[in-house]
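Peer 1: Next up is a structure, given as structure tokens.
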Amino acid sequence: MTVAVLAVQGAFAEHERALARLGASFCELRRKSDLSRAFDGLILPGGESTVQGKLLRELGMFGELKARIADGMPVFGTCAGLLLLAKETVNDSRAYFRTMDISAVRNAYGRQLGSFFAESDFKGIGKIPMTFIRAPYIQSVSGSAQVLAECGGRIVAARQKNQLVTAFHPELNEDLSVHRYFLDMIGQAARE
Ligand code: GLN
């Protein structure tokens, strides 16, 4: 099993470190030719969704990745990656892949609470650490999207079939349970 990590901007190295700690092999997607590598799942890291969205289009990777996600390839978006997958962002007219039935609020915690740490329950895992950095949250889920975690009364993780998103950054904590959860999703998809 190989996990591709979008490596055009943002916190991709931290995801690679988490994958390495779990013994999972990974490859980086930096340019269109990298799409010809064999990979079974994709991580969209945190960073700046506007920059990542622009680069994905400029590098000619956008259409093929969107098609593969829509076709069922497991994908895990953290923070900016959540915004790339969201059907809409209620306080920003920009939208990207739009493959997931969630409405997001961008930079949702204001300046004071731009970055913070919390612990909360994640469905099927239990209590985990959550690091938020100028994070979005999910205002609502629809269709077959399901809430996996809330923090302070706000939805901060969700799943819709092959798509997993967290508003927080599991790659910035030592806890590997969310990455393990994603690897299980890839394993299941391979068996289906
Ligand atoms: N504020 C960023 C955005 O809007 C997301 C922040 C992050 O990924 N840590 O894209």
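Going by the structure tokens order, chains are called A, B, ..., each with residues numbered from 1, while ligands are numbered from 1 in the order shown.
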Write as a VMD selection string the residues around ligand 1, taking 9 Å as the cut-off and counting only C-alpha atoms and all ligand atoms.
Peer 2: chain A and resid 10 to 11 45 to 52 78 to 84 106 to 108 114 to 115 132 to 136 167 to 169
Peer 1: Just to be explicit: take each residue in the selection above, keep N, CA, C and O atoms, and write the result as a tab-separated table (two decimals), in the first residue's frame.
Peer 2:
```tsv
chain	number	residue	atom	x	y	z
A	10	GLY	N	2.58	23.63	2.29
A	10	GLY	CA	1.99	23.30	3.59
A	10	GLY	C	2.70	22.18	4.33
A	10	GLY	O	3.86	21.86	4.06
A	11	ALA	N	1.94	21.57	5.27
A	11	ALA	CA	2.52	20.65	6.26
A	11	ALA	C	2.56	19.21	5.77
A	11	ALA	O	2.10	18.29	6.43
A	45	PRO	N	-2.66	17.97	2.77
A	45	PRO	CA	-2.20	18.52	4.05
A	45	PRO	C	-2.78	19.90	4.36
A	45	PRO	O	-3.39	20.54	3.49
A	46	GLY	N	-2.51	20.36	5.56
A	46	GLY	CA	-2.85	21.72	5.94
A	46	GLY	C	-1.89	22.69	5.27
A	46	GLY	O	-0.85	22.31	4.75
A	47	GLY	N	-2.26	23.94	5.26
A	47	GLY	CA	-1.46	24.99	4.62
A	47	GLY	C	-2.41	26.11	4.24
A	47	GLY	O	-3.24	26.51	5.04
A	48	GLU	N	-2.32	26.57	3.01
A	48	GLU	CA	-3.24	27.60	2.51
A	48	GLU	C	-4.05	27.03	1.35
A	48	GLU	O	-3.48	26.76	0.28
A	49	SER	N	-5.34	26.87	1.57
A	49	SER	CA	-6.17	26.26	0.54
A	49	SER	C	-6.15	27.07	-0.76
A	49	SER	O	-6.17	26.50	-1.85
A	50	THR	N	-6.08	28.40	-0.64
A	50	THR	CA	-6.10	29.23	-1.86
A	50	THR	C	-4.86	28.95	-2.71
A	50	THR	O	-4.93	28.83	-3.93
A	51	VAL	N	-3.70	28.84	-2.03
A	51	VAL	CA	-2.44	28.58	-2.74
A	51	VAL	C	-2.44	27.17	-3.32
A	51	VAL	O	-2.09	26.95	-4.48
A	52	GLN	N	-2.88	26.21	-2.51
A	52	GLN	CA	-2.90	24.83	-2.98
A	52	GLN	C	-3.84	24.65	-4.16
A	52	GLN	O	-3.51	23.97	-5.14
A	78	THR	N	-6.66	17.47	5.74
A	78	THR	CA	-6.55	18.13	7.03
A	78	THR	C	-6.57	19.65	6.82
A	78	THR	O	-5.80	20.17	6.01
A	79	CYS	N	-7.43	20.31	7.55
A	79	CYS	CA	-7.46	21.78	7.60
A	79	CYS	C	-7.63	22.38	6.20
A	79	CYS	O	-8.73	22.34	5.66
A	80	ALA	N	-6.59	22.90	5.57
A	80	ALA	CA	-6.75	23.41	4.20
A	80	ALA	C	-7.26	22.30	3.28
A	80	ALA	O	-8.06	22.55	2.36
A	81	GLY	N	-6.84	21.06	3.54
A	81	GLY	CA	-7.29	19.91	2.74
A	81	GLY	C	-8.79	19.70	2.88
A	81	GLY	O	-9.46	19.26	1.93
A	82	LEU	N	-9.32	19.99	4.05
A	82	LEU	CA	-10.79	19.94	4.26
A	82	LEU	C	-11.48	20.94	3.34
A	82	LEU	O	-12.48	20.64	2.70
A	83	LEU	N	-10.90	22.15	3.25
A	83	LEU	CA	-11.50	23.18	2.39
A	83	LEU	C	-11.41	22.79	0.91
A	83	LEU	O	-12.30	23.13	0.12
A	84	LEU	N	-10.36	22.05	0.54
A	84	LEU	CA	-10.24	21.61	-0.86
A	84	LEU	C	-11.35	20.62	-1.23
A	84	LEU	O	-11.78	20.55	-2.37
A	106	ARG	N	-14.36	29.08	6.90
A	106	ARG	CA	-12.91	29.25	6.81
A	106	ARG	C	-12.40	30.22	7.86
A	106	ARG	O	-13.07	31.18	8.20
A	107	ASN	N	-11.17	29.99	8.35
A	107	ASN	CA	-10.55	30.84	9.38
A	107	ASN	C	-11.60	31.17	10.45
A	107	ASN	O	-11.82	32.32	10.80
A	108	ALA	N	-12.20	30.10	10.97
A	108	ALA	CA	-13.48	30.22	11.65
A	108	ALA	C	-13.39	30.63	13.11
A	108	ALA	O	-14.41	30.94	13.72
A	114	GLY	N	-6.99	31.89	16.97
A	114	GLY	CA	-6.48	31.38	15.71
A	114	GLY	C	-5.87	30.00	15.83
A	114	GLY	O	-6.09	29.14	15.00
A	115	SER	N	-5.10	29.78	16.89
A	115	SER	CA	-4.44	28.51	17.08
A	115	SER	C	-4.64	28.05	18.50
A	115	SER	O	-4.47	28.83	19.43
A	132	PHE	N	-5.30	22.96	16.44
A	132	PHE	CA	-5.97	23.79	15.44
A	132	PHE	C	-5.09	24.98	15.08
A	132	PHE	O	-4.56	25.66	15.98
A	133	ILE	N	-4.92	25.25	13.79
A	133	ILE	CA	-4.13	26.40	13.35
A	133	ILE	C	-4.91	27.15	12.28
A	133	ILE	O	-5.10	26.65	11.16
A	134	ARG	N	-5.38	28.32	12.62
A	134	ARG	CA	-6.24	29.11	11.71
A	134	ARG	C	-7.22	28.19	10.98
A	134	ARG	O	-7.36	28.20	9.76
A	135	ALA	N	-7.88	27.41	11.81
A	135	ALA	CA	-8.64	26.27	11.29
A	135	ALA	C	-10.03	26.65	10.78
A	135	ALA	O	-10.62	27.62	11.25
A	136	PRO	N	-10.53	25.84	9.87
A	136	PRO	CA	-11.95	25.91	9.55
A	136	PRO	C	-12.73	25.05	10.54
A	136	PRO	O	-12.12	24.31	11.33
A	167	ALA	N	-10.56	19.21	10.79
A	167	ALA	CA	-10.23	20.64	10.83
A	167	ALA	C	-8.92	20.85	11.58
A	167	ALA	O	-8.26	21.88	11.42
A	168	PHE	N	-8.54	19.85	12.38
A	168	PHE	CA	-7.30	19.94	13.17
A	168	PHE	C	-6.18	19.18	12.45
A	168	PHE	O	-6.38	18.60	11.38
A	169	HIS	N	-5.00	19.19	13.08
A	169	HIS	CA	-3.79	18.62	12.48
A	169	HIS	C	-3.29	17.41	13.26
A	169	HIS	O	-2.42	17.57	14.12
```
Peer 1: Hey, what does DSSP flag as alpha helix (DSSP H) within segment 33-69 of chain A? Can you give it to me as a ChimeraX atom specification?
Peer 2: /A:49-58,62-69
Peer 1: What's the 6 Å shell around Gly41 of chain A, counting only C-alpha atoms, without same-chain residues fewer than 2 positions away, as a short mmCIF file (atom, residue, chain, number, x, y, z; two decimals) with N, CA and C atoms, in the first residue's frame?
Peer 2:
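What follows is the written file part13.cif:
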```cif
data_model
loop_
_atom_site.label_atom_id
_atom_site.label_comp_id
_atom_site.auth_asym_id
_atom_site.auth_seq_id
_atom_site.Cartn_x
_atom_site.Cartn_y
_atom_site.Cartn_z
N VAL A 3 0.73 5.54 0.01
CA VAL A 3 -0.10 6.73 0.19
C VAL A 3 0.59 7.92 -0.47
N PHE A 39 -0.42 4.66 -6.51
CA PHE A 39 -0.75 4.96 -5.11
C PHE A 39 -2.21 4.62 -4.85
N MET A 73 -11.24 6.77 -4.67
CA MET A 73 -9.92 6.67 -4.03
C MET A 73 -9.97 7.29 -2.63
N PRO A 74 -9.48 6.59 -1.60
CA PRO A 74 -9.48 7.16 -0.26
C PRO A 74 -8.65 8.45 -0.19
N VAL A 75 -9.22 9.46 0.45
CA VAL A 75 -8.53 10.75 0.59
C VAL A 75 -8.73 11.27 2.00
#
```
Peer 1: Please determine, counting only C-alpha atoms, which residue among A:Lys87, A:Arg37, A:Lys66, A:Lys32 has the shortest atom-to-atom distance to Gln160 of chain A.
Peer 2: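 Smallest separation from Gln160 of chain A among the options: A:Lys87.
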Peer 1: Quick check for you: according to DSSP on this backbone, which residues of segment 27-114 of chain A are classed as strand (DSSP E)? Reply as a list in words.
Peer 2: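 Residues meeting the strand (DSSP E) criterion: Cys27, Glu28, Leu29, Gly41, Leu42, Ile43, Leu44, Val75, Phe76, Gly77, Thr78, Ala86, Lys87, Glu88, Thr89, Met100, Asp101, Ile102, Ser103, Ala104 and Val105 of chain A.
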Peer 1: Write the residues you've just listed into a file as a PDB file, in the first residue's frame, and include N, CA and C atoms for each of them.
Peer 2:
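Produced file again.pdb, reproduced below:
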```
ATOM      1  N   CYS A  27       4.499   8.365  -1.344  1.00  0.00           N
ATOM      2  CA  CYS A  27       5.179   9.098  -2.406  1.00  0.00           C
ATOM      3  C   CYS A  27       4.649  10.527  -2.397  1.00  0.00           C
ATOM      4  N   GLU A  28       5.407  11.441  -2.963  1.00  0.00           N
ATOM      5  CA  GLU A  28       4.990  12.851  -2.998  1.00  0.00           C
ATOM      6  C   GLU A  28       4.418  13.202  -4.366  1.00  0.00           C
ATOM      7  N   LEU A  29       3.354  13.986  -4.343  1.00  0.00           N
ATOM      8  CA  LEU A  29       2.824  14.538  -5.590  1.00  0.00           C
ATOM      9  C   LEU A  29       3.252  16.000  -5.666  1.00  0.00           C
ATOM     10  N   GLY A  41      -4.088   5.853  -1.983  1.00  0.00           N
ATOM     11  CA  GLY A  41      -4.806   6.841  -1.191  1.00  0.00           C
ATOM     12  C   GLY A  41      -4.052   8.148  -1.261  1.00  0.00           C
ATOM     13  N   LEU A  42      -4.693   9.223  -0.800  1.00  0.00           N
ATOM     14  CA  LEU A  42      -4.101  10.559  -0.950  1.00  0.00           C
ATOM     15  C   LEU A  42      -4.305  11.368   0.320  1.00  0.00           C
ATOM     16  N   ILE A  43      -3.256  12.057   0.764  1.00  0.00           N
ATOM     17  CA  ILE A  43      -3.390  13.009   1.878  1.00  0.00           C
ATOM     18  C   ILE A  43      -3.255  14.429   1.332  1.00  0.00           C
ATOM     19  N   LEU A  44      -4.233  15.274   1.677  1.00  0.00           N
ATOM     20  CA  LEU A  44      -4.192  16.700   1.342  1.00  0.00           C
ATOM     21  C   LEU A  44      -3.851  17.430   2.633  1.00  0.00           C
ATOM     22  N   VAL A  75      -9.218   9.460   0.455  1.00  0.00           N
ATOM     23  CA  VAL A  75      -8.527  10.746   0.589  1.00  0.00           C
ATOM     24  C   VAL A  75      -8.727  11.269   2.003  1.00  0.00           C
ATOM     25  N   PHE A  76      -7.688  11.887   2.536  1.00  0.00           N
ATOM     26  CA  PHE A  76      -7.717  12.440   3.893  1.00  0.00           C
ATOM     27  C   PHE A  76      -7.265  13.898   3.799  1.00  0.00           C
ATOM     28  N   GLY A  77      -8.173  14.819   4.081  1.00  0.00           N
ATOM     29  CA  GLY A  77      -7.854  16.240   4.028  1.00  0.00           C
ATOM     30  C   GLY A  77      -7.778  16.830   5.424  1.00  0.00           C
ATOM     31  N   THR A  78      -6.661  17.468   5.735  1.00  0.00           N
ATOM     32  CA  THR A  78      -6.554  18.134   7.033  1.00  0.00           C
ATOM     33  C   THR A  78      -6.566  19.646   6.818  1.00  0.00           C
ATOM     34  N   ALA A  86     -14.438  20.353   0.441  1.00  0.00           N
ATOM     35  CA  ALA A  86     -15.784  20.798   0.812  1.00  0.00           C
ATOM     36  C   ALA A  86     -16.608  21.234  -0.403  1.00  0.00           C
ATOM     37  N   LYS A  87     -17.883  20.884  -0.347  1.00  0.00           N
ATOM     38  CA  LYS A  87     -18.824  21.305  -1.389  1.00  0.00           C
ATOM     39  C   LYS A  87     -18.902  22.828  -1.453  1.00  0.00           C
ATOM     40  N   GLU A  88     -18.827  23.463  -0.267  1.00  0.00           N
ATOM     41  CA  GLU A  88     -18.850  24.929  -0.237  1.00  0.00           C
ATOM     42  C   GLU A  88     -18.198  25.446   1.041  1.00  0.00           C
ATOM     43  N   THR A  89     -17.715  26.678   0.953  1.00  0.00           N
ATOM     44  CA  THR A  89     -17.214  27.378   2.134  1.00  0.00           C
ATOM     45  C   THR A  89     -18.117  28.583   2.308  1.00  0.00           C
ATOM     46  N   MET A 100     -17.155  16.524  -1.392  1.00  0.00           N
ATOM     47  CA  MET A 100     -17.684  16.084  -0.100  1.00  0.00           C
ATOM     48  C   MET A 100     -18.831  16.989   0.352  1.00  0.00           C
ATOM     49  N   ASP A 101     -19.892  16.353   0.832  1.00  0.00           N
ATOM     50  CA  ASP A 101     -21.102  17.091   1.223  1.00  0.00           C
ATOM     51  C   ASP A 101     -20.960  17.732   2.601  1.00  0.00           C
ATOM     52  N   ILE A 102     -20.034  18.672   2.691  1.00  0.00           N
ATOM     53  CA  ILE A 102     -19.875  19.437   3.929  1.00  0.00           C
ATOM     54  C   ILE A 102     -19.811  20.917   3.570  1.00  0.00           C
ATOM     55  N   SER A 103     -20.369  21.732   4.468  1.00  0.00           N
ATOM     56  CA  SER A 103     -20.231  23.187   4.343  1.00  0.00           C
ATOM     57  C   SER A 103     -19.232  23.634   5.388  1.00  0.00           C
ATOM     58  N   ALA A 104     -18.181  24.305   4.953  1.00  0.00           N
ATOM     59  CA  ALA A 104     -17.107  24.696   5.875  1.00  0.00           C
ATOM     60  C   ALA A 104     -17.156  26.196   6.147  1.00  0.00           C
ATOM     61  N   VAL A 105     -16.607  26.577   7.290  1.00  0.00           N
ATOM     62  CA  VAL A 105     -16.403  27.992   7.608  1.00  0.00           C
ATOM     63  C   VAL A 105     -14.894  28.178   7.695  1.00  0.00           C
TER      64      VAL A 105
END
```
Peer 1: Nearest residue to Asp40 of chain A out of A:Val8, A:Ala13, A:Ile186, A:Leu65, using only C-alpha atoms?
Peer 2: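 Among A:Val8, A:Ala13, A:Ile186, A:Leu65, it is A:Ile186 that comes nearest to Asp40 of chain A.
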Peer 1: Between A:Arg159, A:Arg17, A:Lys54, A:Arg98, which residue has the minimum interatomic distance to Tyr181 of chain A, considering only C-alpha atoms?
Peer 2: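 Looking at the shortest contact to Tyr181 of chain A, the residue is A:Arg159.
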Peer 1: Tell me which of A:Ala70, A:Arg21, A:Gly53, A:Met61 sits closest to Asp34 of chain A, counting only C-alpha atoms.
Peer 2: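 Result for the nearest residue to Asp34 of chain A: A:Met61.
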Peer 1: What does the structure give for the distance between atom CA of Val5 of chain A and atom CA of Ser25 of chain A, in Å to one decimal?
Peer 2: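 About the pair atom CA of Val5 of chain A and atom CA of Ser25 of chain A: they are 10.6 Å apart.
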